[in-house]
$ cat upload_31.tsv   # TSV, C-alpha atoms
chain	number	residue	atom	x	y	z
A	7	MET	CA	0.61	-7.71	31.97
A	8	GLU	CA	-2.89	-9.14	31.77
A	9	ILE	CA	-3.77	-11.18	28.67
A	10	LYS	CA	-7.22	-9.89	27.72
A	11	SER	CA	-7.79	-12.31	24.87
A	12	LEU	CA	-6.25	-14.99	22.72
A	13	VAL	CA	-8.03	-15.17	19.37
A	14	LYS	CA	-7.18	-18.16	17.19
A	15	LEU	CA	-6.46	-17.34	13.56
A	16	THR	CA	-5.58	-19.51	10.58
A	17	LYS	CA	-2.42	-21.64	10.19
A	18	GLY	CA	-2.05	-22.29	13.93
A	19	ARG	CA	-1.60	-18.62	14.81
A	20	ALA	CA	-3.32	-16.56	17.48
A	21	LYS	CA	-3.71	-12.85	18.14
A	22	ILE	CA	-2.78	-12.04	21.71
A	23	CYS	CA	-4.29	-8.83	23.14
A	24	LEU	CA	-2.76	-7.38	26.29
A	25	ALA	CA	-4.57	-5.08	28.73
A	26	GLY	CA	-2.37	-2.08	27.82
A	27	GLY	CA	-3.62	-2.15	24.22
A	28	THR	CA	-0.67	-4.06	22.74
A	29	ASP	CA	-1.62	-6.78	20.26
A	30	PHE	CA	0.65	-9.26	18.51
A	31	VAL	CA	0.44	-12.58	16.67
A	32	LEU	CA	2.28	-15.77	17.61
A	33	TYR	CA	2.18	-19.37	16.45
A	34	LYS	CA	0.65	-21.99	18.76
A	35	LYS	CA	4.00	-23.52	19.71
A	36	GLU	CA	5.33	-20.04	20.58
A	37	TYR	CA	2.47	-18.88	22.77
A	38	GLU	CA	2.23	-22.26	24.48
A	39	SER	CA	5.98	-22.16	25.30
A	40	TYR	CA	5.39	-18.87	27.17
A	41	GLY	CA	2.28	-20.23	28.89
A	42	ILE	CA	0.07	-17.60	27.31
A	43	VAL	CA	-3.62	-18.22	28.03
A	44	GLU	CA	-6.63	-15.93	27.95
A	45	GLY	CA	-7.06	-14.23	31.34
A	46	GLY	CA	-3.50	-15.11	32.38
A	47	GLU	CA	-0.51	-12.90	33.04
A	48	LEU	CA	2.55	-12.22	30.86
A	49	SER	CA	5.63	-10.93	32.65
A	50	GLU	CA	7.54	-7.92	31.32
A	51	THR	CA	10.59	-10.19	30.92
A	52	ASP	CA	8.65	-12.67	28.79
A	53	TYR	CA	7.13	-9.90	26.68
A	54	ASP	CA	10.59	-8.36	26.12
A	55	SER	CA	11.86	-11.79	25.10
A	56	ILE	CA	8.94	-12.32	22.67
A	57	ARG	CA	9.49	-8.87	21.22
A	58	ARG	CA	13.27	-9.20	20.88
A	59	ASP	CA	13.52	-12.86	19.78
A	60	ILE	CA	10.34	-13.35	17.73
A	61	LEU	CA	8.45	-10.20	16.74
A	62	ILE	CA	11.28	-7.87	15.69
A	63	PRO	CA	13.18	-10.41	13.53
A	64	ARG	CA	9.91	-11.66	12.00
A	65	CYS	CA	8.71	-8.12	11.25
A	66	LYS	CA	12.02	-7.21	9.57
A	67	LYS	CA	11.85	-10.36	7.47
A	68	ARG	CA	8.23	-9.69	6.51
A	69	ALA	CA	9.06	-6.09	5.52
A	70	LEU	CA	11.91	-7.28	3.29
A	71	HIS	CA	9.64	-9.91	1.73
A	72	LEU	CA	6.97	-7.29	0.95
A	73	LEU	CA	9.57	-5.01	-0.67
A	74	GLU	CA	10.96	-7.93	-2.68
A	75	LYS	CA	7.71	-8.17	-4.61
A	76	GLN	CA	7.30	-4.43	-5.35
A	77	ASP	CA	8.37	-0.95	-4.33
A	78	ARG	CA	6.11	0.40	-1.60
A	79	SER	CA	5.65	3.69	0.16
A	80	GLU	CA	6.47	3.85	3.85
A	81	LYS	CA	2.79	4.27	4.67
A	82	ASN	CA	1.81	1.25	2.57
A	83	LEU	CA	4.53	-0.89	4.21
A	84	ARG	CA	3.45	0.24	7.69
A	85	ASP	CA	-0.18	-0.62	6.87
A	86	LYS	CA	0.78	-4.09	5.60
A	87	LEU	CA	2.85	-4.81	8.73
A	88	LYS	CA	0.06	-3.54	10.97
A	89	ASP	CA	-2.39	-5.83	9.17
A	90	GLY	CA	0.08	-8.64	9.86
A	91	GLY	CA	-0.43	-8.16	13.59
A	92	TYR	CA	2.81	-6.43	14.56
A	93	PRO	CA	2.81	-3.83	17.36
A	94	LEU	CA	3.58	-0.23	16.32
A	95	ASP	CA	6.89	-0.06	18.20
A	96	VAL	CA	8.08	-3.24	16.45
A	97	ILE	CA	7.01	-1.80	13.07
A	98	ASP	CA	9.03	1.37	13.82
A	99	ILE	CA	12.14	-0.75	14.43
A	100	ALA	CA	11.59	-2.71	11.20
A	101	ILE	CA	11.07	0.50	9.18
A	102	ASP	CA	14.26	2.01	10.65
A	103	TYR	CA	16.12	-1.19	9.71
A	104	ILE	CA	14.79	-1.04	6.13
A	105	ASN	CA	15.64	2.68	5.87
A	106	ASP	CA	19.22	2.03	7.04
A	107	TYR	CA	19.72	-0.06	3.90
A	108	GLY	CA	17.92	2.38	1.60
A	109	TYR	CA	15.29	-0.17	0.58
A	110	LEU	CA	12.41	2.21	1.21
A	111	ASP	CA	12.28	5.21	-1.11
A	112	ASP	CA	8.96	6.97	-1.73
A	113	ALA	CA	10.36	8.99	-4.66
A	114	ARG	CA	11.71	5.86	-6.39
A	115	MET	CA	8.39	4.09	-5.90
A	116	ALA	CA	6.46	7.10	-7.22
A	117	ALA	CA	8.75	7.40	-10.27
A	118	SER	CA	8.25	3.72	-11.07
A	119	HIS	CA	4.47	4.14	-10.77
A	120	VAL	CA	4.49	7.20	-13.07
A	121	ARG	CA	6.59	5.45	-15.73
A	122	PHE	CA	4.34	2.37	-15.67
A	123	TYR	CA	0.97	4.18	-15.83
A	124	GLN	CA	1.66	7.33	-17.86
A	125	ASP	CA	0.61	5.62	-21.11
A	126	SER	CA	-2.86	4.83	-19.79
A	127	ARG	CA	-3.70	7.39	-17.09
A	128	SER	CA	-3.83	11.13	-16.80
A	129	ARG	CA	-1.48	13.18	-14.67
A	130	ALA	CA	-4.36	13.91	-12.25
A	131	ARG	CA	-5.24	10.22	-11.87
A	132	ILE	CA	-1.62	9.23	-11.23
A	133	LYS	CA	-1.36	11.98	-8.61
A	134	GLN	CA	-4.56	10.68	-6.97
A	135	ASP	CA	-3.18	7.10	-6.99
A	136	LEU	CA	0.08	8.18	-5.37
A	137	LEU	CA	-1.68	10.26	-2.70
A	138	GLY	CA	-3.70	7.13	-1.90
A	139	LYS	CA	-0.44	5.22	-1.43
A	140	GLY	CA	0.67	7.74	1.17
A	141	ILE	CA	3.24	9.64	-0.89
A	142	SER	CA	3.58	13.30	0.08
A	143	SER	CA	2.33	15.97	-2.35
A	144	ASP	CA	5.74	17.61	-2.75
A	145	VAL	CA	7.38	14.28	-3.71
A	146	ILE	CA	4.54	13.57	-6.16
A	147	GLU	CA	4.84	17.00	-7.82
A	148	ARG	CA	8.62	16.68	-8.16
A	149	VAL	CA	8.39	13.15	-9.61
A	150	LEU	CA	5.59	14.08	-12.03
A	151	GLU	CA	7.63	17.05	-13.24
A	152	GLU	CA	10.63	14.78	-13.87
A	153	GLU	CA	8.92	11.63	-15.16
A	154	TYR	CA	5.52	12.40	-16.71
A	155	THR	CA	6.07	12.94	-20.43
A	156	ALA	CA	2.74	11.86	-21.93
A	157	ASP	CA	0.68	14.19	-24.10
A	158	GLU	CA	-2.81	13.76	-22.68
A	159	THR	CA	-4.60	14.58	-25.96
A	160	GLU	CA	-2.59	11.87	-27.73
A	161	LEU	CA	-3.23	9.54	-24.82
A	162	ILE	CA	-7.00	10.03	-25.05
A	163	THR	CA	-6.84	9.43	-28.82
A	164	LYS	CA	-4.92	6.16	-28.28
A	165	LEU	CA	-7.43	5.00	-25.70
A	166	LEU	CA	-10.35	5.84	-28.03
A	167	ILE	CA	-8.72	3.80	-30.81
A	168	LYS	CA	-8.04	0.94	-28.42
A	169	LYS	CA	-11.71	0.98	-27.36
A	170	HIS	CA	-12.82	1.08	-31.05
A	171	TYR	CA	-14.62	4.37	-30.55
A	172	ASP	CA	-15.78	6.00	-33.78
A	173	LYS	CA	-17.07	9.53	-33.28
A	174	GLU	CA	-18.89	9.42	-36.64
A	175	THR	CA	-21.12	6.49	-35.65
A	176	ALA	CA	-21.14	6.83	-31.86
A	177	THR	CA	-24.54	7.01	-30.20
A	178	TYR	CA	-25.31	9.15	-27.18
A	179	GLU	CA	-24.89	6.02	-25.01
A	180	ASP	CA	-21.50	5.24	-26.62
A	181	LYS	CA	-20.31	8.79	-25.88
A	182	ALA	CA	-21.57	8.61	-22.29
A	183	LYS	CA	-19.85	5.26	-21.74
A	184	MET	CA	-16.58	6.55	-23.19
A	185	TYR	CA	-16.87	9.76	-21.15
A	186	ARG	CA	-17.18	7.67	-17.94
A	187	PHE	CA	-14.22	5.51	-18.95
A	188	LEU	CA	-11.95	8.50	-19.67
A	189	SER	CA	-13.17	10.35	-16.61
A	190	GLY	CA	-12.23	7.32	-14.51
A	191	ARG	CA	-8.71	7.62	-15.93
A	192	GLY	CA	-8.58	11.16	-14.55
A	193	PHE	CA	-8.83	13.21	-17.72
A	194	SER	CA	-10.50	16.63	-17.51
A	195	SER	CA	-14.02	17.01	-18.88
A	196	ASP	CA	-12.82	19.65	-21.40
A	197	SER	CA	-10.18	17.29	-22.84
A	198	ILE	CA	-12.68	14.44	-22.99
A	199	LYS	CA	-15.39	16.51	-24.71
A	200	ARG	CA	-12.92	17.84	-27.30
A	201	SER	CA	-11.72	14.32	-28.11
A	202	LEU	CA	-15.20	12.76	-28.25
A	203	ASN	CA	-16.52	15.44	-30.58
$ encode --input "upload_31.tsv" --output "structure tokens"
Amino acid sequence: MEIKSLVKLTKGRAKICLAGGTDFVLYKKEYESYGIVEGGELSETDYDSIRRDILIPRCKKRALHLLEKQDRSEKNLRDKLKDGGYPLDVIDIAIDYINDYGYLDDARMAASHVRFYQDSRSRARIKQDLLGKGISSDVIERVLEEEYTADETELITKLLIKKHYDKETATYEDKAKMYRFLSGRGFSSDSIKRSLN
């Protein structure tokens, strides 16, 4: 396997790009121990050894560390691991490992997100957020049905009070600013207009 490039990164790491399109990241001591140099060759045996002994255990550990901090969707976890320089086949193994222990649950993550944000965001905005995190529409709809209990008219009223909005003294600019704020939270224009007036 031809080593197309060896790009030095921070903290003594380097991204190694192989001719077949496989990329991975190793520390200096690791790539030097395998004699990896730009333009050189990497045997299948050495690559299998790197994959088995370094990349797979490190990717599993990184995935667990990322989930320790917060619930994530499978897509979000895959993206984070990909950004970390792990090959796709190694990421698949790490995701399977995480799934075997039940640590990755899109519905649980979505429910947590809904409970946390339902006092400040509309149903539509929460749905948009979850779609952006890679949660499937059917899971989102089910979780919203089970978890979203906010009354959006009350929610808008609370936000207006919090922002010290007074409809009696509000100028056109104040109304426009508040409209943009509430619109950014995902509320419908009809609900916003009713509350502002």
$ residues_around --input "upload_31.tsv" --residues "region 32-40 of chain A" --least-positions-apart "3" --cutoff "9 Å" --atoms "all atoms listed in the file" --output "PyMOL selection string"
chain A and resi 14+17-22+43+48+52+56+60-61
$ residues_around --input "upload_31.tsv" --residues "Glu147 (chain A)" --least-positions-apart "5" --cutoff "12 Å" --atoms "all atoms listed in the file" --output "PyMOL selection string"
chain A and resi 113+116-117+120+129-130+132-134+136-137+141-142+152-154
$ closest_residue --input "upload_31.tsv" --among "A:Val31, A:Thr155, A:Asp89, A:Cys65" --to "Phe122 (chain A)" --atoms "all atoms listed in the file"
A:Thr155
$ axis_aligned_box --input "upload_31.tsv" --around "region 145-152 of chain A" --padding-each-side "6 Å" --output "JSON"
{"center_x": 7.6, "center_y": 15.1, "center_z": -8.8, "size_x": 18.1, "size_y": 15.9, "size_z": 22.2}
$ closest_residue --input "upload_31.tsv" --among "A:Arg58, A:Arg68, A:Lys88, A:Lys169" --to "Thr28 (chain A)" --atoms "only C-alpha atoms"
A:Lys88
$ closest_residue --input "upload_31.tsv" --among "A:Leu161, A:Leu166, A:Ile198, A:Ile104" --to "Ser128 (chain A)" --atoms "all atoms listed in the file"
A:Leu161
$ closest_residue --input "upload_31.tsv" --among "A:Ser201, A:Leu110, A:Glu8, A:Thr163" --to "Ser49 (chain A)" --atoms "only C-alpha atoms"
A:Glu8
$ atom_distance --input "upload_31.tsv" --atom1 "CA of Asp85 (chain A)" --atom2 "CA of Arg57 (chain A)"
19.2 Å
$ residues_near_point --input "upload_31.tsv" --point "(-15.0, 6.1, -31.6)" --cutoff "12 Å" --atoms "only C-alpha atoms" --output "list in words"
Ile162, Thr163, Lys164, Leu165, Leu166, Ile167, Lys168, Lys169, His170, Tyr171, Asp172, Lys173, Glu174, Thr175, Ala176, Thr177, Tyr178, Glu179, Asp180, Lys181, Ala182, Lys183, Met184, Tyr185, Ser201, Leu202 and Asn203 of chain A
$ write_last_selection --input "upload_31.tsv" --atoms "C-alpha atoms" --output "compact mmCIF listing (two decimals), keeping the file's coordinate frame"
# COMPACT_ATOMS: atom_id res chain seq x y z
CA ILE A 162 -7.00 10.03 -25.05
CA THR A 163 -6.84 9.43 -28.82
CA LYS A 164 -4.92 6.16 -28.28
CA LEU A 165 -7.43 5.00 -25.70
CA LEU A 166 -10.35 5.84 -28.03
CA ILE A 167 -8.72 3.80 -30.81
CA LYS A 168 -8.04 0.94 -28.42
CA LYS A 169 -11.71 0.98 -27.36
CA HIS A 170 -12.82 1.08 -31.05
CA TYR A 171 -14.62 4.37 -30.55
CA ASP A 172 -15.78 6.00 -33.78
CA LYS A 173 -17.07 9.53 -33.28
CA GLU A 174 -18.89 9.42 -36.64
CA THR A 175 -21.12 6.49 -35.65
CA ALA A 176 -21.14 6.83 -31.86
CA THR A 177 -24.54 7.01 -30.20
CA TYR A 178 -25.31 9.15 -27.18
CA GLU A 179 -24.89 6.02 -25.01
CA ASP A 180 -21.50 5.24 -26.62
CA LYS A 181 -20.31 8.79 -25.88
CA ALA A 182 -21.57 8.61 -22.29
CA LYS A 183 -19.85 5.26 -21.74
CA MET A 184 -16.58 6.55 -23.19
CA TYR A 185 -16.87 9.76 -21.15
CA SER A 201 -11.72 14.32 -28.11
CA LEU A 202 -15.20 12.76 -28.25
CA ASN A 203 -16.52 15.44 -30.58
$ atom_distance --input "upload_31.tsv" --atom1 "CA of Asn82 (chain A)" --atom2 "CA of Lys139 (chain A)"
6.1 Å
$ atom_distance --input "upload_31.tsv" --atom1 "CA of Glu44 (chain A)" --atom2 "CA of Lys10 (chain A)"
6.1 Å
$ closest_residue --input "upload_31.tsv" --among "A:Asp77, A:Asp98, A:Asp106, A:Asp196" --to "Ser118 (chain A)" --atoms "only C-alpha atoms"
A:Asp77
$ closest_residue --input "upload_31.tsv" --among "A:Ala25, A:Ile9, A:Ile101, A:Leu72" --to "Glu47 (chain A)" --atoms "only C-alpha atoms"
A:Ile9
